[in-house]
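Q: Sharing data_29.cif (mmCIF, C-alpha atoms and all ligand atoms) below.
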```cif
data_my_file
loop_
_atom_site.label_atom_id
_atom_site.label_comp_id
_atom_site.auth_asym_id
_atom_site.auth_seq_id
_atom_site.Cartn_x
_atom_site.Cartn_y
_atom_site.Cartn_z
CA MET A 1 126.48 91.29 101.86
CA ASN A 2 125.04 87.93 102.93
CA ARG A 3 123.37 87.10 106.25
CA SER A 4 125.05 83.67 106.14
CA ALA A 5 122.56 82.20 108.60
CA HIS A 6 124.15 78.76 108.28
CA LEU A 7 127.30 80.06 110.01
CA ARG A 8 125.53 81.50 113.09
CA SER A 9 125.64 78.31 115.11
CA ASP A 10 129.25 77.52 114.13
CA ASP A 11 131.00 78.91 117.21
CA ALA A 12 134.47 77.97 115.92
CA TRP A 13 133.89 79.74 112.59
CA ILE A 14 132.58 82.87 114.34
CA ALA A 15 135.52 82.91 116.76
CA ALA A 16 137.93 82.64 113.82
CA ALA A 17 136.06 85.39 111.95
CA TRP A 18 136.47 87.66 114.99
CA GLY A 19 140.23 87.29 114.48
CA HIS A 20 140.16 87.81 110.71
CA PRO A 21 141.98 90.99 109.58
CA SER A 22 139.16 91.98 107.22
CA SER A 23 136.32 91.54 109.71
CA LYS A 24 134.47 94.72 110.64
CA VAL A 25 132.57 95.75 113.76
CA LEU A 26 129.75 98.26 114.17
CA VAL A 27 129.19 99.55 117.70
CA VAL A 28 125.47 99.96 118.26
CA HIS A 29 123.57 101.53 121.15
CA ASP A 30 119.90 102.54 121.37
CA ALA A 31 119.47 101.77 117.64
CA ARG A 32 122.26 104.20 116.76
CA ALA A 33 125.76 103.81 115.39
CA LEU A 34 128.50 106.24 114.40
CA VAL A 35 128.07 107.61 110.90
CA GLY A 36 130.48 109.76 108.92
CA GLY A 37 129.08 111.39 105.79
CA GLU A 38 127.22 108.69 103.87
CA HIS A 39 128.95 105.74 105.54
CA LEU A 40 128.81 103.73 108.74
CA VAL A 41 131.95 104.00 110.86
CA TRP A 42 133.33 100.46 111.31
CA THR A 43 136.09 99.41 113.62
CA SER A 44 138.25 96.30 113.79
CA PRO A 45 137.53 93.49 116.27
CA SER A 46 140.77 94.31 118.13
CA ASN A 47 139.65 97.91 118.63
CA ALA A 48 136.03 97.08 119.48
CA PRO A 49 134.73 97.69 123.02
CA ASP A 50 133.50 94.81 125.16
CA GLY A 51 129.84 93.94 124.76
CA GLU A 52 127.40 91.40 123.38
CA ARG A 53 128.61 90.33 119.94
CA LEU A 54 126.05 90.01 117.16
CA PHE A 55 126.99 88.19 113.95
CA LEU A 56 125.42 90.16 111.08
CA GLY A 57 126.75 88.23 108.10
CA THR A 58 129.62 88.13 105.65
CA PRO A 59 130.76 89.96 102.52
CA ASP A 60 131.07 86.68 100.60
CA ASP A 61 129.00 83.99 102.38
CA GLY A 62 131.98 82.93 104.45
CA GLU A 63 134.46 82.18 101.67
CA SER A 64 137.21 84.49 102.93
CA GLY A 65 136.49 83.94 106.61
CA ALA A 66 135.72 87.64 107.19
CA ALA A 67 132.47 88.78 108.80
CA TYR A 68 130.41 91.77 109.84
CA PHE A 69 129.66 92.06 113.54
CA ALA A 70 127.81 94.46 115.78
CA VAL A 71 128.80 94.97 119.41
CA MET A 72 126.33 96.30 121.95
CA ALA A 73 128.27 98.98 123.81
CA ASP A 74 128.12 102.69 124.59
CA LEU A 75 129.04 105.03 121.76
CA PRO A 76 132.01 107.32 122.48
CA ASP A 77 131.15 110.46 124.47
CA GLU A 78 133.22 112.47 122.01
CA PRO A 79 132.79 111.00 118.52
CA PRO A 80 135.78 111.37 116.18
CA GLU A 81 135.66 114.52 114.09
CA GLY A 82 133.27 114.25 111.14
CA THR A 83 131.24 111.47 112.72
CA GLN A 84 128.07 111.42 114.81
CA PRO A 85 125.66 108.89 116.31
CA ALA A 86 122.72 108.28 113.95
CA SER A 87 119.84 105.86 113.50
CA LEU A 88 118.23 104.40 110.41
CA ARG A 89 115.64 107.17 110.80
CA ASP A 90 118.38 109.79 110.36
CA VAL A 91 120.55 108.23 107.68
CA GLY A 92 118.52 105.46 106.00
CA ALA A 93 118.12 107.60 102.88
CA VAL A 94 121.83 108.36 102.43
CA LEU A 95 123.50 105.04 103.27
CA SER A 96 124.09 102.46 100.56
CA ALA A 97 121.50 99.66 100.44
CA ASP A 98 124.00 97.23 102.01
CA GLU A 99 124.91 99.55 104.87
CA ALA A 100 121.25 100.45 105.50
CA MET A 101 120.52 96.72 105.73
CA LEU A 102 123.42 96.16 108.15
CA LEU A 103 122.31 99.05 110.37
CA ALA A 104 118.70 97.79 110.31
CA HIS A 105 119.86 94.29 111.23
CA ALA A 106 122.16 95.49 114.02
CA SER A 107 119.55 97.91 115.42
CA ALA A 108 116.74 95.35 115.36
CA LEU A 109 118.84 92.72 117.18
CA GLU A 110 120.18 95.24 119.71
CA GLN A 111 116.71 96.60 120.50
CA TRP A 112 115.42 93.05 120.97
CA HIS A 113 118.28 91.96 123.28
CA VAL A 114 117.88 95.06 125.45
CA ARG A 115 114.14 94.45 125.87
CA HIS A 116 114.19 90.68 126.42
CA PRO A 117 116.57 89.88 129.28
CA ARG A 118 114.12 87.38 130.81
CA CYS A 119 112.27 84.27 129.74
CA PRO A 120 108.60 84.98 128.91
CA ARG A 121 107.69 81.48 130.17
CA CYS A 122 109.29 81.39 133.63
CA GLY A 123 110.89 84.79 134.24
CA ALA A 124 114.45 83.46 134.61
CA PRO A 125 117.34 85.26 132.87
CA THR A 126 118.12 84.41 129.25
CA THR A 127 121.48 84.47 127.49
CA ALA A 128 122.30 85.18 123.85
CA SER A 129 123.25 82.31 121.57
CA VAL A 130 123.64 81.46 117.87
CA GLY A 131 125.63 84.59 117.07
CA GLY A 132 123.14 86.77 118.94
CA HIS A 133 120.13 85.53 116.96
CA ILE A 134 118.35 83.72 119.77
CA ARG A 135 118.14 83.93 123.55
CA VAL A 136 118.02 80.80 125.69
CA CYS A 137 116.46 80.51 129.15
CA VAL A 138 119.03 79.43 131.77
CA GLU A 139 116.34 77.52 133.72
CA ASP A 140 114.18 75.67 131.20
CA GLY A 141 116.33 75.88 128.05
CA SER A 142 113.49 77.40 125.99
CA GLU A 143 114.65 79.32 122.91
CA HIS A 144 113.35 82.80 122.08
CA TYR A 145 113.61 84.54 118.74
CA PRO A 146 113.74 88.22 117.78
CA ARG A 147 110.23 89.57 117.38
CA THR A 148 108.95 91.63 114.51
CA ASP A 149 105.75 93.65 114.83
CA PRO A 150 103.95 94.07 111.50
CA ALA A 151 102.48 97.47 110.75
CA VAL A 152 100.55 98.43 107.65
CA ILE A 153 101.04 101.76 105.92
CA MET A 154 98.82 102.70 103.03
CA LEU A 155 98.42 105.28 100.33
CA VAL A 156 94.68 105.64 99.71
CA THR A 157 93.50 107.16 96.45
CA ASP A 158 89.99 108.07 95.31
CA ASP A 159 88.28 107.88 91.91
CA ALA A 160 89.90 111.21 90.93
CA ASP A 161 93.35 109.70 91.71
CA ARG A 162 93.80 112.09 94.62
CA ALA A 163 96.01 110.91 97.51
CA LEU A 164 94.79 110.93 101.12
CA LEU A 165 97.19 112.25 103.75
CA GLY A 166 96.53 112.60 107.46
CA HIS A 167 98.02 114.53 110.37
CA GLN A 168 98.68 113.10 113.82
CA PRO A 169 98.44 115.48 116.79
CA SER A 170 101.99 114.67 117.96
CA TRP A 171 103.50 115.81 114.66
CA PRO A 172 104.78 119.30 113.86
CA GLN A 173 102.29 121.61 112.22
CA GLY A 174 101.94 120.97 108.49
CA ARG A 175 103.36 117.44 108.62
CA MET A 176 101.06 115.04 106.80
CA SER A 177 101.64 111.45 105.80
CA THR A 178 99.99 108.23 104.73
CA LEU A 179 97.76 106.44 107.23
CA ALA A 180 99.30 103.58 109.19
CA GLY A 181 98.67 101.23 112.08
CA TYR A 182 99.64 97.97 113.74
CA VAL A 183 98.29 94.63 112.64
CA GLU A 184 96.16 93.07 115.38
CA ALA A 185 96.34 89.47 116.59
CA GLY A 186 94.65 87.06 114.20
CA GLU A 187 94.23 89.66 111.44
CA THR A 188 95.35 89.53 107.81
CA LEU A 189 97.33 92.46 106.41
CA GLU A 190 94.47 93.33 104.06
CA GLU A 191 91.99 93.36 106.94
CA ALA A 192 94.32 95.63 108.91
CA VAL A 193 94.46 98.12 106.01
CA VAL A 194 90.66 98.21 105.72
CA ARG A 195 90.17 98.49 109.51
CA GLU A 196 92.76 101.23 110.06
CA VAL A 197 91.47 103.44 107.25
CA GLY A 198 87.91 102.95 108.49
CA GLU A 199 88.85 103.79 112.08
CA GLU A 200 91.01 106.79 111.34
CA VAL A 201 89.12 108.61 108.57
CA GLY A 202 85.83 106.71 108.12
CA VAL A 203 86.56 105.69 104.53
CA VAL A 204 85.76 102.23 103.12
CA VAL A 205 88.61 100.94 100.94
CA ASP A 206 88.99 98.03 98.55
CA ASP A 207 91.57 96.86 96.00
CA VAL A 208 94.28 96.60 98.69
CA ARG A 209 97.61 95.93 96.98
CA TYR A 210 101.02 95.20 98.49
CA VAL A 211 103.89 97.44 97.35
CA GLU A 212 107.01 96.88 99.49
CA SER A 213 108.28 96.55 103.05
CA GLN A 214 110.79 98.27 105.29
CA PRO A 215 112.24 97.21 108.64
CA TRP A 216 111.78 99.99 111.19
CA PRO A 217 113.62 98.80 114.30
CA PHE A 218 112.24 101.38 116.78
CA PRO A 219 112.08 98.93 118.41
CA SER A 220 110.81 96.13 116.20
CA SER A 221 108.39 97.20 113.47
CA LEU A 222 108.18 95.90 109.95
CA MET A 223 106.36 98.43 107.79
CA LEU A 224 104.29 96.76 105.07
CA ALA A 225 103.29 99.26 102.42
CA PHE A 226 100.06 99.08 100.44
CA THR A 227 97.92 101.06 98.08
CA ALA A 228 94.14 101.02 98.48
CA HIS A 229 91.15 102.48 96.65
CA ALA A 230 88.51 104.55 98.45
CA ARG A 231 84.88 103.75 97.61
CA SER A 232 83.92 107.30 98.54
CA SER A 233 85.78 110.52 99.26
CA ASP A 234 83.82 111.58 102.36
CA LEU A 235 86.03 111.82 105.44
CA ALA A 236 84.93 111.30 109.06
CA LEU A 237 88.06 111.72 111.20
CA ASP A 238 88.45 109.87 114.48
CA GLY A 239 89.89 113.10 115.96
CA VAL A 240 92.31 111.14 118.17
CA GLU A 241 94.92 109.36 116.05
CA ILE A 242 94.21 111.58 113.04
CA THR A 243 93.21 115.21 113.68
CA ASP A 244 93.41 116.49 110.11
CA ALA A 245 93.18 114.77 106.74
CA ARG A 246 92.61 115.81 103.16
CA TRP A 247 92.77 114.68 99.57
CA PHE A 248 95.55 116.05 97.39
CA THR A 249 95.82 116.26 93.62
CA ARG A 250 99.42 116.30 92.41
CA ASP A 251 99.12 120.02 91.62
CA GLU A 252 97.75 120.76 95.09
CA MET A 253 100.59 118.80 96.67
CA THR A 254 103.16 120.70 94.61
CA ALA A 255 101.60 124.03 95.64
CA CYS A 256 101.32 123.15 99.35
CA ILE A 257 104.92 121.96 99.53
CA GLY A 258 105.95 125.14 97.73
CA ASP A 259 104.18 127.51 100.15
CA GLY A 260 105.35 125.53 103.20
CA SER A 261 101.88 124.46 104.35
CA LEU A 262 102.62 120.76 103.71
CA ARG A 263 105.64 118.91 105.10
CA LEU A 264 106.05 115.35 103.89
CA PRO A 265 107.54 112.51 105.99
CA MET A 266 111.31 111.98 106.04
CA ARG A 267 112.91 110.67 102.88
CA ALA A 268 114.17 107.49 104.56
CA SER A 269 110.60 106.37 105.29
CA VAL A 270 108.48 104.02 103.27
CA ALA A 271 105.66 106.58 103.66
CA PHE A 272 107.68 109.07 101.62
CA ARG A 273 108.35 106.46 98.96
CA LEU A 274 104.64 105.58 98.72
CA ILE A 275 103.72 109.24 98.24
CA ASN A 276 106.55 109.85 95.77
CA ARG A 277 105.57 106.76 93.80
CA TRP A 278 101.99 108.01 93.43
CA TYR A 279 103.27 111.50 92.56
CA GLY A 280 105.36 110.07 89.73
CA GLY A 281 108.76 110.65 91.37
CA GLY A 282 110.74 113.81 91.92
CA LEU A 283 109.39 114.94 95.30
CA GLY A 284 112.06 116.64 97.38
ZN ZN A 301 112.37 79.95 131.20
#
```
Do you think you could lay out the structure here as structure tokens?
A:
Amino acid sequence: MNRSAHLRSDDAWIAAAWGHPSSKVLVVHDARALVGGEHLVWTSPSNAPDGERLFLGTPDDGESGAAYFAVMADLPDEPPEGTQPASLRDVGAVLSADEAMLLAHASALEQWHVRHPRCPRCGAPTTASVGGHIRVCVEDGSEHYPRTDPAVIMLVTDDADRALLGHQPSWPQGRMSTLAGYVEAGETLEEAVVREVGEEVGVVVDDVRYVESQPWPFPSSLMLAFTAHARSSDLALDGVEITDARWFTRDEMTACIGDGSLRLPMRASVAFRLINRWYGGGLG
């Protein structure tokens, strides 16, 4: 799987790829596509519904002429047997890495197109161009690119190597996860980690280290995962974003998962991976 960005502005190549017998189309709506088992359900260009076409890339950087597309259209009211509409949230942990990437790409573009029909400079309509990777204002010709909103997510540990998990009031009872928050304008990622932990649980952290990232197109987040060290273990919760928080040893986490009092975030999330990484792997 290759994004083949150099082919996006080649309208003739893309038109030919749409007619290629090996090209595949994913219908996407509201960040969801049809999924059957552990696979995305692709269709052929000739069977695809009408809608905005998004060029996602190629299996071979364009060598064969085949391509992956998404089409923005309604999903069928009655999905074929064994298939169902699903988002990256639902199936990110079971899809292959390539298919998860294709669904993330398609969802992120679709969510952006739906939310940006008008020019932010003059308010006139915009139209998609460059294989669905930009929108162009019909009045002033200004070009607009898909936006990505950076969010930091951090596993904080103390001097006893305990992990800090918090509970948000909108979550089901027992659900706890790593702290997280959006990066503010003009802020570094490291500053955002320090600020968010301070605001939410009153802990001063240092030794902020980047781990990995994950696109989270609901509608346009990029989750940037960090670890951080707490200078003290005293908690002072903000009581609004975080209404419960505690430190867990690995044994305590094992016990609380076992008795049902702790429910970790979904497996597809980078939060789960951060916690599992600290735990040493093997969390369910
Ligand atoms: Zn404009």
Q: For the contact check between chain A and ligand ZN 301 (chain A), emit one row per residue of chain A within 10 Å, containing the shortest atom pair and the distance in Å rounded to one decimal, counting all atoms listed in the file, chain then rising number order, as a Markdown table.
A:
```
| residue | atom | partner | partner_atom | distance |
| --- | --- | --- | --- | --- |
| A:Arg118 | CA | A:ZN301 | ZN | 7.6 |
| A:Cys119 | CA | A:ZN301 | ZN | 4.6 |
| A:Pro120 | CA | A:ZN301 | ZN | 6.7 |
| A:Arg121 | CA | A:ZN301 | ZN | 5.0 |
| A:Cys122 | CA | A:ZN301 | ZN | 4.2 |
| A:Gly123 | CA | A:ZN301 | ZN | 5.9 |
| A:Ala124 | CA | A:ZN301 | ZN | 5.3 |
| A:Pro125 | CA | A:ZN301 | ZN | 7.5 |
| A:Thr126 | CA | A:ZN301 | ZN | 7.5 |
| A:Val136 | CA | A:ZN301 | ZN | 7.9 |
| A:Cys137 | CA | A:ZN301 | ZN | 4.6 |
| A:Val138 | CA | A:ZN301 | ZN | 6.7 |
| A:Glu139 | CA | A:ZN301 | ZN | 5.3 |
| A:Asp140 | CA | A:ZN301 | ZN | 4.6 |
| A:Gly141 | CA | A:ZN301 | ZN | 6.5 |
| A:Ser142 | CA | A:ZN301 | ZN | 5.9 |
| A:Glu143 | CA | A:ZN301 | ZN | 8.6 |
| A:His144 | CA | A:ZN301 | ZN | 9.6 |
```
Q: Using all atoms listed in the file, find the one residue out of A:Leu95, A:Val203, A:Val114, A:Met176 that sits nearest to Ile257 of chain A.
A: A:Met176
Q: Calculated over all atoms listed in the file, which of the candidates A:Gly186, A:Pro217, A:Gly202, A:Pro169 has the smallest distance to Asp149 of chain A?
A: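 The answer is A:Pro217, which sits nearest to Asp149 of chain A.
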Q: What does the structure give for the distance between atom CA of Trp13 of chain A and atom CA of Ile134 of chain A, in Å to one decimal?
A: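 Computing it gives 17.6 Å between the two atoms.
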Q: Smallest atom-to-atom distance to Ser107 of chain A: which of A:Ala180, A:Ala31, A:Met72, A:Ala86, using all atoms listed in the file?
A: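 With all atoms listed in the file as the atom set, the closest residue is A:Ala31.
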Q: Taking (95.2, 112.1, 116.6) in the coordinates of the supplied file, I want to know which residues reach to within 10 Å of it, counting all atoms listed in the file; could you give the answer as a list in words?
A: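 The distance filter leaves exactly Gly166, His167, Gln168, Pro169, Ser170, Trp171, Glu200, Leu237, Asp238, Gly239, Val240, Glu241, Ile242, Thr243 and Asp244 of chain A.
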Q: How would segment 10-35 of chain A of the given structure read as a file with N, CA and C atoms, as a PDB file, in the first residue's frame?
A:
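result.pdb, written as the output of this step:
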```pdb
ATOM      1  N   ASP A  10      -2.655  13.935 -11.311  1.00  0.00           N
ATOM      2  CA  ASP A  10      -2.646  13.421 -12.683  1.00  0.00           C
ATOM      3  C   ASP A  10      -4.055  12.905 -13.017  1.00  0.00           C
ATOM      4  N   ASP A  11      -4.897  13.817 -13.494  1.00  0.00           N
ATOM      5  CA  ASP A  11      -6.305  13.469 -13.723  1.00  0.00           C
ATOM      6  C   ASP A  11      -6.456  12.318 -14.719  1.00  0.00           C
ATOM      7  N   ALA A  12      -5.591  12.290 -15.733  1.00  0.00           N
ATOM      8  CA  ALA A  12      -5.695  11.232 -16.747  1.00  0.00           C
ATOM      9  C   ALA A  12      -5.344   9.874 -16.128  1.00  0.00           C
ATOM     10  N   TRP A  13      -4.309   9.849 -15.288  1.00  0.00           N
ATOM     11  CA  TRP A  13      -3.922   8.588 -14.640  1.00  0.00           C
ATOM     12  C   TRP A  13      -5.049   8.101 -13.733  1.00  0.00           C
ATOM     13  N   ILE A  14      -5.628   9.030 -12.961  1.00  0.00           N
ATOM     14  CA  ILE A  14      -6.697   8.642 -12.027  1.00  0.00           C
ATOM     15  C   ILE A  14      -7.928   8.153 -12.784  1.00  0.00           C
ATOM     16  N   ALA A  15      -8.254   8.809 -13.885  1.00  0.00           N
ATOM     17  CA  ALA A  15      -9.403   8.367 -14.693  1.00  0.00           C
ATOM     18  C   ALA A  15      -9.152   6.965 -15.253  1.00  0.00           C
ATOM     19  N   ALA A  16      -7.923   6.702 -15.689  1.00  0.00           N
ATOM     20  CA  ALA A  16      -7.592   5.373 -16.205  1.00  0.00           C
ATOM     21  C   ALA A  16      -7.639   4.337 -15.085  1.00  0.00           C
ATOM     22  N   ALA A  17      -7.151   4.717 -13.892  1.00  0.00           N
ATOM     23  CA  ALA A  17      -7.168   3.796 -12.755  1.00  0.00           C
ATOM     24  C   ALA A  17      -8.595   3.427 -12.369  1.00  0.00           C
ATOM     25  N   TRP A  18      -9.519   4.391 -12.523  1.00  0.00           N
ATOM     26  CA  TRP A  18     -10.931   4.104 -12.215  1.00  0.00           C
ATOM     27  C   TRP A  18     -11.472   3.007 -13.134  1.00  0.00           C
ATOM     28  N   GLY A  19     -10.895   2.877 -14.327  1.00  0.00           N
ATOM     29  CA  GLY A  19     -11.333   1.843 -15.256  1.00  0.00           C
ATOM     30  C   GLY A  19     -10.517   0.560 -15.189  1.00  0.00           C
ATOM     31  N   HIS A  20      -9.527   0.522 -14.304  1.00  0.00           N
ATOM     32  CA  HIS A  20      -8.650  -0.653 -14.228  1.00  0.00           C
ATOM     33  C   HIS A  20      -9.381  -1.814 -13.530  1.00  0.00           C
ATOM     34  N   PRO A  21      -9.275  -3.033 -14.085  1.00  0.00           N
ATOM     35  CA  PRO A  21     -10.038  -4.156 -13.497  1.00  0.00           C
ATOM     36  C   PRO A  21      -9.620  -4.516 -12.068  1.00  0.00           C
ATOM     37  N   SER A  22      -8.416  -4.145 -11.661  1.00  0.00           N
ATOM     38  CA  SER A  22      -7.983  -4.490 -10.301  1.00  0.00           C
ATOM     39  C   SER A  22      -8.186  -3.352  -9.298  1.00  0.00           C
ATOM     40  N   SER A  23      -8.704  -2.230  -9.753  1.00  0.00           N
ATOM     41  CA  SER A  23      -8.927  -1.127  -8.811  1.00  0.00           C
ATOM     42  C   SER A  23     -10.060  -1.478  -7.852  1.00  0.00           C
ATOM     43  N   LYS A  24      -9.972  -0.942  -6.636  1.00  0.00           N
ATOM     44  CA  LYS A  24     -10.942  -1.281  -5.595  1.00  0.00           C
ATOM     45  C   LYS A  24     -11.491  -0.005  -4.957  1.00  0.00           C
ATOM     46  N   VAL A  25     -12.761  -0.080  -4.561  1.00  0.00           N
ATOM     47  CA  VAL A  25     -13.453   1.097  -4.039  1.00  0.00           C
ATOM     48  C   VAL A  25     -14.062   0.778  -2.673  1.00  0.00           C
ATOM     49  N   LEU A  26     -13.834   1.673  -1.733  1.00  0.00           N
ATOM     50  CA  LEU A  26     -14.433   1.565  -0.407  1.00  0.00           C
ATOM     51  C   LEU A  26     -15.482   2.665  -0.274  1.00  0.00           C
ATOM     52  N   VAL A  27     -16.725   2.272  -0.015  1.00  0.00           N
ATOM     53  CA  VAL A  27     -17.771   3.270   0.210  1.00  0.00           C
ATOM     54  C   VAL A  27     -17.692   3.707   1.665  1.00  0.00           C
ATOM     55  N   VAL A  28     -17.617   5.018   1.876  1.00  0.00           N
ATOM     56  CA  VAL A  28     -17.444   5.522   3.237  1.00  0.00           C
ATOM     57  C   VAL A  28     -18.493   6.590   3.525  1.00  0.00           C
ATOM     58  N   HIS A  29     -19.063   6.507   4.724  1.00  0.00           N
ATOM     59  CA  HIS A  29     -20.080   7.464   5.160  1.00  0.00           C
ATOM     60  C   HIS A  29     -19.999   7.612   6.671  1.00  0.00           C
ATOM     61  N   ASP A  30     -19.889   8.869   7.137  1.00  0.00           N
ATOM     62  CA  ASP A  30     -19.839   9.138   8.574  1.00  0.00           C
ATOM     63  C   ASP A  30     -18.721   8.334   9.253  1.00  0.00           C
ATOM     64  N   ALA A  31     -17.565   8.278   8.590  1.00  0.00           N
ATOM     65  CA  ALA A  31     -16.361   7.593   9.084  1.00  0.00           C
ATOM     66  C   ALA A  31     -16.550   6.086   9.239  1.00  0.00           C
ATOM     67  N   ARG A  32     -17.555   5.549   8.509  1.00  0.00           N
ATOM     68  CA  ARG A  32     -17.781   4.105   8.568  1.00  0.00           C
ATOM     69  C   ARG A  32     -17.793   3.506   7.165  1.00  0.00           C
ATOM     70  N   ALA A  33     -17.405   2.242   7.105  1.00  0.00           N
ATOM     71  CA  ALA A  33     -17.429   1.486   5.857  1.00  0.00           C
ATOM     72  C   ALA A  33     -17.950   0.092   6.180  1.00  0.00           C
ATOM     73  N   LEU A  34     -18.296  -0.658   5.157  1.00  0.00           N
ATOM     74  CA  LEU A  34     -18.744  -2.038   5.397  1.00  0.00           C
ATOM     75  C   LEU A  34     -17.536  -2.914   5.725  1.00  0.00           C
ATOM     76  N   VAL A  35     -17.709  -3.729   6.756  1.00  0.00           N
ATOM     77  CA  VAL A  35     -16.654  -4.645   7.181  1.00  0.00           C
ATOM     78  C   VAL A  35     -17.263  -6.034   7.314  1.00  0.00           C
TER      79      VAL A  35
END
```
